[in-house]
file my_file-v2.cif (mmCIF, C-alpha atoms, pLDDT in the B column; chains and numbers go by the auth columns)
data_protein
#
loop_
_atom_site.group_PDB
_atom_site.id
_atom_site.type_symbol
_atom_site.label_atom_id
_atom_site.label_comp_id
_atom_site.label_asym_id
_atom_site.label_seq_id
_atom_site.Cartn_x
_atom_site.Cartn_y
_atom_site.Cartn_z
_atom_site.B_iso_or_equiv
_atom_site.auth_seq_id
_atom_site.auth_asym_id
ATOM 1 C CA MET A 1 60.443 -58.433 16.836 48.00 18 H
ATOM 2 C CA ARG A 2 58.230 -60.564 19.050 54.00 19 H
ATOM 3 C CA THR A 3 59.821 -63.178 21.248 45.00 20 H
ATOM 4 C CA PRO A 4 59.487 -66.729 19.860 40.00 21 H
ATOM 5 C CA ALA A 5 57.597 -69.298 21.920 39.00 22 H
ATOM 6 C CA LEU A 6 60.804 -71.352 22.109 35.00 23 H
ATOM 7 C CA VAL A 7 62.431 -68.713 24.306 34.00 24 H
ATOM 8 C CA PHE A 8 59.546 -68.902 26.776 32.00 25 H
ATOM 9 C CA ALA A 9 59.763 -72.686 26.851 36.00 26 H
ATOM 10 C CA PHE A 10 63.517 -72.560 27.468 32.00 27 H
ATOM 11 C CA SER A 11 63.059 -70.021 30.280 38.00 28 H
ATOM 12 C CA GLY A 12 60.497 -72.316 31.885 40.00 29 H
ATOM 13 C CA VAL A 13 62.964 -75.225 31.873 35.00 30 H
ATOM 14 C CA LEU A 14 65.612 -73.068 33.559 35.00 31 H
ATOM 15 C CA GLY A 15 63.099 -72.060 36.203 39.00 32 H
ATOM 16 C CA LEU A 16 62.298 -75.698 37.016 35.00 33 H
ATOM 17 C CA LEU A 17 65.993 -76.512 37.294 36.00 34 H
ATOM 18 C CA SER A 18 66.485 -73.660 39.752 38.00 35 H
ATOM 19 C CA VAL A 19 63.706 -74.975 41.965 34.00 36 H
ATOM 20 C CA ALA A 20 65.101 -78.479 41.809 39.00 37 H
ATOM 21 C CA LEU A 21 68.516 -77.196 42.953 38.00 38 H
ATOM 22 C CA GLY A 22 66.970 -75.330 45.865 38.00 39 H
ATOM 23 C CA GLN A 23 67.693 -71.930 44.353 39.00 40 H
ATOM 24 C CA THR A 24 65.273 -69.035 44.588 37.00 41 H
ATOM 25 C CA ARG A 25 65.194 -66.396 41.912 37.00 42 H
ATOM 26 C CA THR A 26 62.997 -63.354 41.372 39.00 43 H
ATOM 27 C CA ASN A 27 61.547 -63.048 37.913 44.00 44 H
ATOM 28 C CA PRO A 28 62.404 -59.474 36.849 45.00 45 H
ATOM 29 C CA ASP A 29 59.290 -59.318 34.689 49.00 46 H
ATOM 30 C CA ASP A 30 57.091 -60.098 37.717 51.00 47 H
ATOM 31 C CA ALA A 31 58.839 -57.419 39.750 53.00 48 H
ATOM 32 C CA HIS A 32 58.359 -54.943 36.917 55.00 49 H
ATOM 33 C CA ALA A 33 54.637 -55.704 36.719 54.00 50 H
ATOM 34 C CA ARG A 34 54.239 -55.077 40.454 63.00 51 H
ATOM 35 C CA GLN A 35 55.583 -51.552 40.093 80.00 52 H
ATOM 36 C CA ALA A 36 53.065 -48.790 40.528 87.00 53 H
ATOM 37 C CA ALA A 37 51.663 -47.387 37.315 92.00 54 H
ATOM 38 C CA PRO A 38 52.997 -43.987 36.272 95.00 55 H
ATOM 39 C CA VAL A 39 50.602 -41.101 36.840 96.00 56 H
ATOM 40 C CA HIS A 40 48.567 -39.864 33.826 97.00 57 H
ATOM 41 C CA ASP A 41 50.411 -42.138 31.418 98.00 58 H
ATOM 42 C CA LEU A 42 49.090 -44.926 29.169 98.00 59 H
ATOM 43 C CA SER A 43 51.943 -44.745 26.662 98.00 60 H
ATOM 44 C CA GLY A 44 53.366 -47.902 25.130 98.00 61 H
ATOM 45 C CA VAL A 45 52.337 -50.934 23.102 98.00 62 H
ATOM 46 C CA TRP A 46 49.490 -52.945 24.645 98.00 63 H
ATOM 47 C CA TYR A 47 48.382 -56.446 23.718 95.00 64 H
ATOM 48 C CA PRO A 48 44.983 -58.001 24.601 91.00 65 H
ATOM 49 C CA GLY A 49 45.173 -60.813 27.121 79.00 66 H
ATOM 50 C CA LEU A 50 43.489 -64.191 26.950 58.00 67 H
ATOM 51 C CA VAL A 51 40.043 -64.621 28.490 48.00 68 H
ATOM 52 C CA GLY A 52 38.640 -67.544 30.423 45.00 69 H
ATOM 53 C CA ASN A 53 37.897 -69.752 27.411 42.00 70 H
ATOM 54 C CA GLY A 54 41.470 -69.445 26.131 41.00 71 H
ATOM 55 C CA ASN A 55 40.791 -67.163 23.169 42.00 72 H
ATOM 56 C CA PHE A 56 41.232 -63.447 22.672 44.00 73 H
ATOM 57 C CA GLY A 57 37.632 -62.636 23.467 51.00 74 H
ATOM 58 C CA GLN A 58 36.461 -61.416 20.077 59.00 75 H
ATOM 59 C CA SER A 59 33.184 -60.337 21.603 63.00 76 H
ATOM 60 C CA PHE A 60 31.688 -57.422 23.465 71.00 77 H
ATOM 61 C CA PRO A 61 28.351 -58.299 25.129 74.00 78 H
ATOM 62 C CA SER A 62 27.803 -58.288 28.848 81.00 79 H
ATOM 63 C CA LYS A 63 26.763 -61.448 30.678 79.00 80 H
ATOM 64 C CA GLU A 64 23.149 -60.450 30.083 83.00 81 H
ATOM 65 C CA ALA A 65 21.711 -60.017 26.603 85.00 82 H
ATOM 66 C CA PRO A 66 21.929 -56.453 25.250 91.00 83 H
ATOM 67 C CA PRO A 67 18.601 -54.610 25.725 95.00 84 H
ATOM 68 C CA PHE A 68 17.497 -54.238 22.097 97.00 85 H
ATOM 69 C CA THR A 69 14.873 -51.873 20.802 98.00 86 H
ATOM 70 C CA ALA A 70 12.681 -53.279 18.027 98.00 87 H
ATOM 71 C CA TRP A 71 14.922 -51.539 15.473 98.00 88 H
ATOM 72 C CA GLY A 72 18.076 -52.872 17.113 98.00 89 H
ATOM 73 C CA GLU A 73 16.826 -56.456 17.215 97.00 90 H
ATOM 74 C CA LYS A 74 15.811 -56.274 13.549 97.00 91 H
ATOM 75 C CA GLN A 75 19.300 -55.134 12.580 97.00 92 H
ATOM 76 C CA PHE A 76 20.891 -57.790 14.778 95.00 93 H
ATOM 77 C CA ARG A 77 18.877 -60.569 13.151 95.00 94 H
ATOM 78 C CA ALA A 78 19.760 -59.286 9.686 95.00 95 H
ATOM 79 C CA ASN A 79 23.495 -59.325 10.423 95.00 96 H
ATOM 80 C CA LYS A 80 25.273 -62.566 9.517 93.00 97 H
ATOM 81 C CA PRO A 81 28.603 -62.769 11.335 91.00 98 H
ATOM 82 C CA SER A 82 31.401 -65.156 10.397 83.00 99 H
ATOM 83 C CA SER A 83 32.185 -66.057 14.030 79.00 100 H
ATOM 84 C CA GLY A 84 30.456 -66.623 17.332 77.00 101 H
ATOM 85 C CA PRO A 85 27.210 -68.392 18.263 79.00 102 H
ATOM 86 C CA ARG A 86 25.378 -66.962 15.228 82.00 103 H
ATOM 87 C CA GLU A 87 28.078 -67.812 12.708 82.00 104 H
ATOM 88 C CA ALA A 88 26.628 -67.712 9.204 71.00 105 H
ATOM 89 C CA ALA A 89 26.298 -71.145 7.632 62.00 106 H
ATOM 90 C CA THR A 90 26.673 -69.793 4.094 68.00 107 H
ATOM 91 C CA THR A 91 27.555 -66.188 3.289 85.00 108 H
ATOM 92 C CA THR A 92 28.443 -63.499 5.798 90.00 109 H
ATOM 93 C CA ASN A 93 27.409 -59.873 5.271 93.00 110 H
ATOM 94 C CA ASP A 94 30.188 -58.553 7.505 93.00 111 H
ATOM 95 C CA LYS A 95 31.514 -55.479 5.673 93.00 112 H
ATOM 96 C CA TYR A 96 34.729 -55.563 7.704 93.00 113 H
ATOM 97 C CA LEU A 97 35.628 -58.716 5.766 88.00 114 H
ATOM 98 C CA GLN A 98 35.303 -56.644 2.598 88.00 115 H
ATOM 99 C CA CYS A 99 37.840 -54.099 3.911 92.00 116 H
ATOM 100 C CA ASP A 100 35.468 -51.605 5.539 95.00 117 H
ATOM 101 C CA PRO A 101 36.972 -50.203 8.771 96.00 118 H
ATOM 102 C CA PRO A 102 35.991 -52.212 11.870 95.00 119 H
ATOM 103 C CA GLY A 103 35.150 -49.061 13.828 96.00 120 H
ATOM 104 C CA ILE A 104 35.022 -48.849 17.604 95.00 121 H
ATOM 105 C CA PRO A 105 34.589 -50.587 19.895 95.00 122 H
ATOM 106 C CA ARG A 106 35.067 -53.575 17.574 94.00 123 H
ATOM 107 C CA ILE A 107 38.694 -52.796 16.815 95.00 124 H
ATOM 108 C CA PHE A 108 39.502 -53.373 20.507 93.00 125 H
ATOM 109 C CA PHE A 109 38.304 -56.982 20.330 89.00 126 H
ATOM 110 C CA LEU A 110 40.532 -58.074 17.462 89.00 127 H
ATOM 111 C CA PRO A 111 43.685 -59.988 18.459 89.00 128 H
ATOM 112 C CA ARG A 112 46.249 -57.352 17.541 93.00 129 H
ATOM 113 C CA PRO A 113 48.165 -54.816 19.633 96.00 130 H
ATOM 114 C CA MET A 114 47.650 -51.079 19.903 97.00 131 H
ATOM 115 C CA GLU A 115 50.012 -48.268 20.831 98.00 132 H
ATOM 116 C CA ILE A 116 49.180 -45.126 22.819 98.00 133 H
ATOM 117 C CA ALA A 117 51.219 -41.915 22.478 98.00 134 H
ATOM 118 C CA TYR A 118 50.813 -38.220 23.219 98.00 135 H
ATOM 119 C CA LEU A 119 50.981 -34.820 21.563 97.00 136 H
ATOM 120 C CA PRO A 120 50.040 -31.556 23.278 97.00 137 H
ATOM 121 C CA GLY A 121 46.257 -31.541 23.637 97.00 138 H
ATOM 122 C CA ARG A 122 45.840 -34.981 22.084 98.00 139 H
ATOM 123 C CA THR A 123 46.093 -38.646 22.957 98.00 140 H
ATOM 124 C CA LEU A 124 46.870 -40.783 19.909 98.00 141 H
ATOM 125 C CA MET A 125 45.941 -44.439 19.517 98.00 142 H
ATOM 126 C CA PHE A 126 47.581 -46.545 16.822 98.00 143 H
ATOM 127 C CA PHE A 127 46.089 -49.941 16.018 98.00 144 H
ATOM 128 C CA GLU A 128 47.955 -52.656 14.182 97.00 145 H
ATOM 129 C CA THR A 129 44.589 -53.689 12.718 95.00 146 H
ATOM 130 C CA ASN A 130 44.484 -52.075 9.263 94.00 147 H
ATOM 131 C CA ASN A 131 47.217 -49.668 10.451 95.00 148 H
ATOM 132 C CA THR A 132 44.516 -47.436 11.902 96.00 149 H
ATOM 133 C CA TRP A 133 45.059 -44.334 14.024 96.00 150 H
ATOM 134 C CA ARG A 134 42.686 -42.327 16.195 97.00 151 H
ATOM 135 C CA GLU A 135 42.772 -38.868 17.826 97.00 152 H
ATOM 136 C CA ILE A 136 41.367 -38.229 21.289 98.00 153 H
ATOM 137 C CA TRP A 137 41.301 -34.510 22.031 98.00 154 H
ATOM 138 C CA THR A 138 42.229 -33.445 25.570 98.00 155 H
ATOM 139 C CA ASP A 139 42.379 -29.648 25.086 97.00 156 H
ATOM 140 C CA GLY A 140 38.894 -28.946 26.489 94.00 157 H
ATOM 141 C CA ARG A 141 37.038 -28.632 23.184 93.00 158 H
ATOM 142 C CA LYS A 142 33.464 -29.810 22.622 91.00 159 H
ATOM 143 C CA VAL A 143 32.184 -32.158 19.922 85.00 160 H
ATOM 144 C CA PRO A 144 30.662 -29.918 17.227 83.00 161 H
ATOM 145 C CA LYS A 145 26.880 -30.163 17.041 84.00 162 H
ATOM 146 C CA ASP A 146 27.037 -30.589 13.259 85.00 163 H
ATOM 147 C CA ALA A 147 29.934 -33.060 13.287 87.00 164 H
ATOM 148 C CA ASP A 148 30.270 -35.205 10.189 93.00 165 H
ATOM 149 C CA PRO A 149 29.488 -38.892 10.868 96.00 166 H
ATOM 150 C CA TRP A 150 32.804 -40.746 11.018 97.00 167 H
ATOM 151 C CA TRP A 151 33.763 -44.415 11.211 97.00 168 H
ATOM 152 C CA TYR A 152 35.507 -43.815 14.547 97.00 169 H
ATOM 153 C CA GLY A 153 33.476 -40.830 15.725 97.00 170 H
ATOM 154 C CA HIS A 154 34.773 -37.671 17.406 97.00 171 H
ATOM 155 C CA SER A 155 36.545 -38.390 20.701 97.00 172 H
ATOM 156 C CA LEU A 156 37.230 -36.236 23.775 98.00 173 H
ATOM 157 C CA GLY A 157 39.268 -37.455 26.741 98.00 174 H
ATOM 158 C CA LYS A 158 40.148 -36.466 30.303 97.00 175 H
ATOM 159 C CA TRP A 159 41.783 -37.977 33.387 98.00 176 H
ATOM 160 C CA GLU A 160 39.271 -38.902 36.091 98.00 177 H
ATOM 161 C CA ASP A 161 42.076 -39.676 38.547 97.00 178 H
ATOM 162 C CA ASP A 162 45.788 -40.483 38.412 97.00 179 H
ATOM 163 C CA TYR A 163 45.247 -43.840 36.665 98.00 180 H
ATOM 164 C CA THR A 164 41.849 -43.634 34.902 98.00 181 H
ATOM 165 C CA PHE A 165 41.465 -42.019 31.491 98.00 182 H
ATOM 166 C CA ALA A 166 37.872 -41.515 30.272 98.00 183 H
ATOM 167 C CA VAL A 167 36.885 -41.002 26.645 98.00 184 H
ATOM 168 C CA ASP A 168 33.525 -39.819 25.275 97.00 185 H
ATOM 169 C CA THR A 169 32.879 -40.424 21.579 97.00 186 H
ATOM 170 C CA ARG A 170 29.953 -39.282 19.449 96.00 187 H
ATOM 171 C CA GLY A 171 29.331 -38.499 15.811 96.00 188 H
ATOM 172 C CA PHE A 172 29.436 -41.984 14.287 97.00 189 H
ATOM 173 C CA ASN A 173 28.083 -43.280 11.029 97.00 190 H
ATOM 174 C CA ASP A 174 25.979 -46.454 11.300 97.00 191 H
ATOM 175 C CA ARG A 175 28.058 -48.643 8.991 97.00 192 H
ATOM 176 C CA THR A 176 29.945 -50.791 11.513 97.00 193 H
ATOM 177 C CA TRP A 177 29.091 -53.437 14.126 96.00 194 H
ATOM 178 C CA LEU A 178 29.983 -53.133 17.786 95.00 195 H
ATOM 179 C CA ASP A 179 31.753 -56.499 17.650 91.00 196 H
ATOM 180 C CA SER A 180 32.461 -59.565 15.520 89.00 197 H
ATOM 181 C CA PHE A 181 29.146 -61.150 16.542 88.00 198 H
ATOM 182 C CA GLY A 182 26.942 -58.651 14.702 92.00 199 H
ATOM 183 C CA HIS A 183 25.629 -56.348 17.444 94.00 200 H
ATOM 184 C CA PRO A 184 24.493 -53.174 15.633 96.00 201 H
ATOM 185 C CA HIS A 185 24.558 -49.494 16.402 97.00 202 H
ATOM 186 C CA SER A 186 23.001 -46.397 14.881 98.00 203 H
ATOM 187 C CA ASP A 187 24.312 -42.908 14.204 97.00 204 H
ATOM 188 C CA GLN A 188 23.019 -41.959 17.673 97.00 205 H
ATOM 189 C CA LEU A 189 25.729 -44.048 19.326 97.00 206 H
ATOM 190 C CA HIS A 190 27.538 -42.527 22.298 97.00 207 H
ATOM 191 C CA LEU A 191 30.470 -44.537 23.635 97.00 208 H
ATOM 192 C CA THR A 192 32.163 -44.066 27.000 97.00 209 H
ATOM 193 C CA GLU A 193 35.535 -45.770 27.417 97.00 210 H
ATOM 194 C CA ARG A 194 37.462 -45.978 30.686 98.00 211 H
ATOM 195 C CA TYR A 195 41.097 -47.049 30.680 98.00 212 H
ATOM 196 C CA ARG A 196 42.282 -48.039 34.147 98.00 213 H
ATOM 197 C CA ARG A 197 46.010 -48.710 34.544 98.00 214 H
ATOM 198 C CA VAL A 198 45.889 -51.059 37.514 96.00 215 H
ATOM 199 C CA ASP A 199 49.658 -51.599 37.674 96.00 216 H
ATOM 200 C CA HIS A 200 52.692 -50.869 35.523 96.00 217 H
ATOM 201 C CA ASP A 201 51.973 -53.596 32.989 97.00 218 H
ATOM 202 C CA THR A 202 48.162 -53.984 33.107 96.00 219 H
ATOM 203 C CA LEU A 203 45.475 -51.875 31.465 96.00 220 H
ATOM 204 C CA VAL A 204 41.758 -52.639 31.887 95.00 221 H
ATOM 205 C CA LEU A 205 39.259 -51.172 29.426 95.00 222 H
ATOM 206 C CA THR A 206 35.523 -50.942 30.072 94.00 223 H
ATOM 207 C CA ILE A 207 33.079 -49.599 27.489 95.00 224 H
ATOM 208 C CA THR A 208 29.523 -48.366 27.953 96.00 225 H
ATOM 209 C CA VAL A 209 27.152 -48.169 24.981 96.00 226 H
ATOM 210 C CA ASP A 210 24.402 -45.561 24.931 97.00 227 H
ATOM 211 C CA ASP A 211 22.386 -45.769 21.704 98.00 228 H
ATOM 212 C CA PRO A 212 18.671 -45.014 22.182 98.00 229 H
ATOM 213 C CA LYS A 213 17.806 -46.097 18.644 98.00 230 H
ATOM 214 C CA ALA A 214 19.338 -49.577 19.008 98.00 231 H
ATOM 215 C CA TYR A 215 19.083 -50.266 22.776 97.00 232 H
ATOM 216 C CA THR A 216 16.472 -49.452 25.397 98.00 233 H
ATOM 217 C CA LYS A 217 19.081 -48.411 27.978 97.00 234 H
ATOM 218 C CA PRO A 218 22.866 -47.973 28.259 96.00 235 H
ATOM 219 C CA TRP A 219 24.803 -51.186 28.787 93.00 236 H
ATOM 220 C CA MET A 220 28.378 -52.088 29.628 92.00 237 H
ATOM 221 C CA GLY A 221 30.336 -54.854 27.936 88.00 238 H
ATOM 222 C CA GLU A 222 32.751 -57.253 29.597 88.00 239 H
ATOM 223 C CA PRO A 223 36.070 -55.597 30.599 90.00 240 H
ATOM 224 C CA ARG A 224 39.043 -56.013 28.274 91.00 241 H
ATOM 225 C CA THR A 225 42.532 -56.514 29.758 93.00 242 H
ATOM 226 C CA TYR A 226 45.741 -55.502 27.992 95.00 243 H
ATOM 227 C CA LYS A 227 49.367 -56.206 28.886 96.00 244 H
ATOM 228 C CA LEU A 228 52.257 -53.832 28.226 97.00 245 H
ATOM 229 C CA ARG A 229 54.784 -55.095 25.643 97.00 246 H
ATOM 230 C CA PRO A 230 57.732 -52.680 25.932 96.00 247 H
ATOM 231 C CA THR A 231 59.885 -54.392 23.283 97.00 248 H
ATOM 232 C CA TRP A 232 57.189 -54.707 20.603 96.00 249 H
ATOM 233 C CA GLU A 233 56.664 -52.625 17.495 96.00 250 H
ATOM 234 C CA LEU A 234 53.443 -52.502 15.504 97.00 251 H
ATOM 235 C CA GLU A 235 53.694 -54.482 12.288 96.00 252 H
ATOM 236 C CA GLU A 236 52.392 -53.601 8.844 93.00 253 H
ATOM 237 C CA SER A 237 48.814 -54.828 8.488 91.00 254 H
ATOM 238 C CA TYR A 238 46.689 -53.514 5.656 88.00 255 H
ATOM 239 C CA CYS A 239 43.360 -54.810 4.426 89.00 256 H
ATOM 240 C CA SER A 240 43.791 -56.313 0.973 81.00 257 H
ATOM 241 C CA VAL A 241 40.630 -57.019 -1.011 75.00 258 H
ATOM 242 C CA ASP A 242 42.389 -59.830 -2.891 74.00 259 H
ATOM 243 C CA ASP A 243 43.512 -61.466 0.341 69.00 260 H
ATOM 244 C CA GLU A 244 40.025 -61.242 1.818 63.00 261 H
ATOM 245 C CA ARG A 245 38.520 -62.862 -1.270 67.00 262 H
ATOM 246 C CA ARG A 246 40.828 -65.846 -0.870 67.00 263 H
ATOM 247 C CA TYR A 247 39.328 -66.597 2.534 61.00 264 H
ATOM 248 C CA PHE A 248 35.683 -65.574 2.148 55.00 265 H
#
call {"tool": "encode", "arguments": {"input": "my_file-v2.cif", "output": "structure tokens"}}
result
Amino acid sequence: MRTPALVFAFSGVLGLLSVALGQTRTNPDDAHARQAAPVHDLSGVWYPGLVGNGNFGQSFPSKEAPPFTAWGEKQFRANKPSSGPREAATTTNDKYLQCDPPGIPRIFFLPRPMEIAYLPGRTLMFFETNNTWREIWTDGRKVPKDADPWWYGHSLGKWEDDYTFAVDTRGFNDRTWLDSFGHPHSDQLHLTERYRRVDHDTLVLTITVDDPKAYTKPWMGEPRTYKLRPTWELEESYCSVDDERRYF
């Protein structure tokens, strides 16, 4: 169960009273966060942090505009997102809002937690969004040359150092957007993800897009920061066509 906002407010009042009485106390959560990250370990439930504008950053682009090819720009203009600067005034054509999978990297930019766990030779990612799971193989295999095109591609991972886990993913279909704002990709998409555990409670994700059909060169989106939530459990969250129709 997630901690109600009232508990945080009450804790804040106690903290102010302590200061007023001249007492000094160490916040155990702060001390925990300052601990060094464990080596080769991203396990736990992670929740996306707020960004500068106070929202959950449901976007992906870098500070500069993505370098579209002619094909990529045509697809981008045809997409009609339901959020962001190009929000559709009438009807969106966002298939995710009709219960298609969001795909990656888009699923990372939705305001729900994810959990990371391990099996021998595999890193498993569980997303609360649509109760989705993903396999990242770490047993040294190669992506098959004739791999079927999948919504989430075929992913291989390895540790670059004690705290950085890198993932290469290929073999996508072309039926998802990179983000909620309608940036497209083709079936030539190659994603590189780097998960850097900067301290015990902080995980920073950077993603590089390499898609020669949609973009003239590889480009990196804005980093995504997650915070560890050791007491959380992922909740049930399925896509219901009836529920979606009520809103769109």
call {"tool": "axis_aligned_box", "arguments": {"input": "my_file-v2.cif", "around": "region 180-197 of chain H", "padding_each_side": "4 Å", "output": "AutoDock Vina command-line options"}}
result
--center_x 35.6 --center_y -49.0 --center_z 22.8 --size_x 27.3 --size_y 29.1 --size_z 35.7
call {"tool": "atom_distance", "arguments": {"input": "my_file-v2.cif", "atom1": "CA of Leu206 (chain H)", "atom2": "CA of Asp227 (chain H)"}}
result
6.0 Å
call {"tool": "closest_atom_pairs", "arguments": {"input": "my_file-v2.cif", "of": "region 175-210 of chain H", "to": "region 104-116 of chain H", "cutoff": "10 Å", "atoms": "all atoms listed in the file", "output": "JSON lines"}}
result
{"residue": "H:Arg192", "atom": "CA", "partner": "H:Lys112", "partner_atom": "CA", "distance": 8.3}
{"residue": "H:Thr193", "atom": "CA", "partner": "H:Lys112", "partner_atom": "CA", "distance": 7.7}
{"residue": "H:Trp194", "atom": "CA", "partner": "H:Asp111", "partner_atom": "CA", "distance": 8.4}
{"residue": "H:Ser197", "atom": "CA", "partner": "H:Asp111", "partner_atom": "CA", "distance": 8.4}
{"residue": "H:Phe198", "atom": "CA", "partner": "H:Glu104", "partner_atom": "CA", "distance": 7.8}
{"residue": "H:Gly199", "atom": "CA", "partner": "H:Asp111", "partner_atom": "CA", "distance": 7.9}
call {"tool": "resolve_selection", "arguments": {"input": "my_file-v2.cif", "expression": "the PyMOL selection byres ((chain H and resi 141-149) around 7)", "output": "PDB file with C-alpha atoms, in the coordinates of the input"}}
result
ATOM      1  CA  ARG H 129      46.249 -57.352  17.541  1.00 93.00           C
ATOM      2  CA  PRO H 130      48.165 -54.816  19.633  1.00 96.00           C
ATOM      3  CA  MET H 131      47.650 -51.079  19.903  1.00 97.00           C
ATOM      4  CA  GLU H 132      50.012 -48.268  20.831  1.00 98.00           C
ATOM      5  CA  ILE H 133      49.180 -45.126  22.819  1.00 98.00           C
ATOM      6  CA  ALA H 134      51.219 -41.915  22.478  1.00 98.00           C
ATOM      7  CA  TYR H 135      50.813 -38.220  23.219  1.00 98.00           C
ATOM      8  CA  ARG H 139      45.840 -34.981  22.084  1.00 98.00           C
ATOM      9  CA  THR H 140      46.093 -38.646  22.957  1.00 98.00           C
ATOM     10  CA  TRP H 150      45.059 -44.334  14.024  1.00 96.00           C
ATOM     11  CA  ARG H 151      42.686 -42.327  16.195  1.00 97.00           C
ATOM     12  CA  GLU H 152      42.772 -38.868  17.826  1.00 97.00           C
ATOM     13  CA  ILE H 153      41.367 -38.229  21.289  1.00 98.00           C
ATOM     14  CA  LEU H 251      53.443 -52.502  15.504  1.00 97.00           C
ATOM     15  CA  GLU H 252      53.694 -54.482  12.288  1.00 96.00           C
ATOM     16  CA  GLU H 253      52.392 -53.601   8.844  1.00 93.00           C
ATOM     17  CA  SER H 254      48.814 -54.828   8.488  1.00 91.00           C
ATOM     18  CA  TYR H 255      46.689 -53.514   5.656  1.00 88.00           C
ATOM     19  CA  CYS H 256      43.360 -54.810   4.426  1.00 89.00           C
TER      20      CYS H 256
END
call {"tool": "closest_residue", "arguments": {"input": "my_file-v2.cif", "among": "H:Asp58, H:Asp218, H:Asp191, H:Glu239", "to": "Trp168 (chain H)", "atoms": "all atoms listed in the file"}}
result
H:Asp191
call {"tool": "closest_residue", "arguments": {"input": "my_file-v2.cif", "among": "H:Val184, H:Ile124, H:Ala53, H:Leu195", "to": "Thr223 (chain H)", "atoms": "all atoms listed in the file"}}
result
H:Val184
call {"tool": "atom_distance", "arguments": {"input": "my_file-v2.cif", "atom1": "CA of Trp167 (chain H)", "atom2": "CA of Pro201 (chain H)"}}
result
15.6 Å
call {"tool": "resolve_selection", "arguments": {"input": "my_file-v2.cif", "expression": "the PyMOL selection byres ((chain H and resi 86-95) around 10)", "output": "ChimeraX atom specification"}}
result
/H:83-85,96-98,103,110,194,198-203,228-234
call {"tool": "atom_distance", "arguments": {"input": "my_file-v2.cif", "atom1": "CA of Leu127 (chain H)", "atom2": "CA of Phe77 (chain H)"}}
result
10.7 Å
call {"tool": "resolve_selection", "arguments": {"input": "my_file-v2.cif", "expression": "the PyMOL selection byres ((chain H and resi 181) around 12)", "output": "ChimeraX atom specification"}}
result
/H:54-59,174-180,182-184,210-216,220-223
call {"tool": "closest_residue", "arguments": {"input": "my_file-v2.cif", "among": "H:His217, H:Gly170, H:Gly101, H:Trp154", "to": "Pro247 (chain H)", "atoms": "all atoms listed in the file"}}
result
H:His217
call {"tool": "build_atoms", "arguments": {"input": "my_file-v2.cif", "residues": "region 92-105 of chain H", "atoms": "N, CA and C atoms", "output": "CSV table (one decimal), in the coordinates of the input"}}
result
chain,number,residue,atom,x,y,z
H,92,GLN,N,18.0,-55.2,13.2
H,92,GLN,CA,19.3,-55.1,12.6
H,92,GLN,C,20.2,-56.3,13.0
H,93,PHE,N,20.1,-56.7,14.3
H,93,PHE,CA,20.9,-57.8,14.8
H,93,PHE,C,20.6,-59.1,14.0
H,94,ARG,N,19.3,-59.3,13.8
H,94,ARG,CA,18.9,-60.6,13.2
H,94,ARG,C,19.3,-60.6,11.7
H,95,ALA,N,19.4,-59.4,11.1
H,95,ALA,CA,19.8,-59.3,9.7
H,95,ALA,C,21.3,-59.5,9.5
H,96,ASN,N,22.0,-59.2,10.5
H,96,ASN,CA,23.5,-59.3,10.4
H,96,ASN,C,23.9,-60.8,10.5
H,97,LYS,N,24.8,-61.2,9.6
H,97,LYS,CA,25.3,-62.6,9.5
H,97,LYS,C,26.8,-62.6,9.8
H,98,PRO,N,27.2,-62.8,11.0
H,98,PRO,CA,28.6,-62.8,11.3
H,98,PRO,C,29.3,-64.1,10.9
H,99,SER,N,30.6,-64.0,10.8
H,99,SER,CA,31.4,-65.2,10.4
H,99,SER,C,32.0,-65.9,11.6
H,100,SER,N,31.7,-65.4,12.8
H,100,SER,CA,32.2,-66.1,14.0
H,100,SER,C,31.2,-65.9,15.1
H,101,GLY,N,31.4,-66.7,16.2
H,101,GLY,CA,30.5,-66.6,17.3
H,101,GLY,C,29.3,-67.6,17.2
H,102,PRO,N,28.3,-67.5,18.2
H,102,PRO,CA,27.2,-68.4,18.3
H,102,PRO,C,26.2,-68.3,17.1
H,103,ARG,N,26.3,-67.1,16.4
H,103,ARG,CA,25.4,-67.0,15.2
H,103,ARG,C,26.2,-67.0,13.9
H,104,GLU,N,27.2,-67.7,13.9
H,104,GLU,CA,28.1,-67.8,12.7
H,104,GLU,C,27.3,-68.2,11.5
H,105,ALA,N,27.4,-67.5,10.4
H,105,ALA,CA,26.6,-67.7,9.2
H,105,ALA,C,27.0,-69.0,8.6
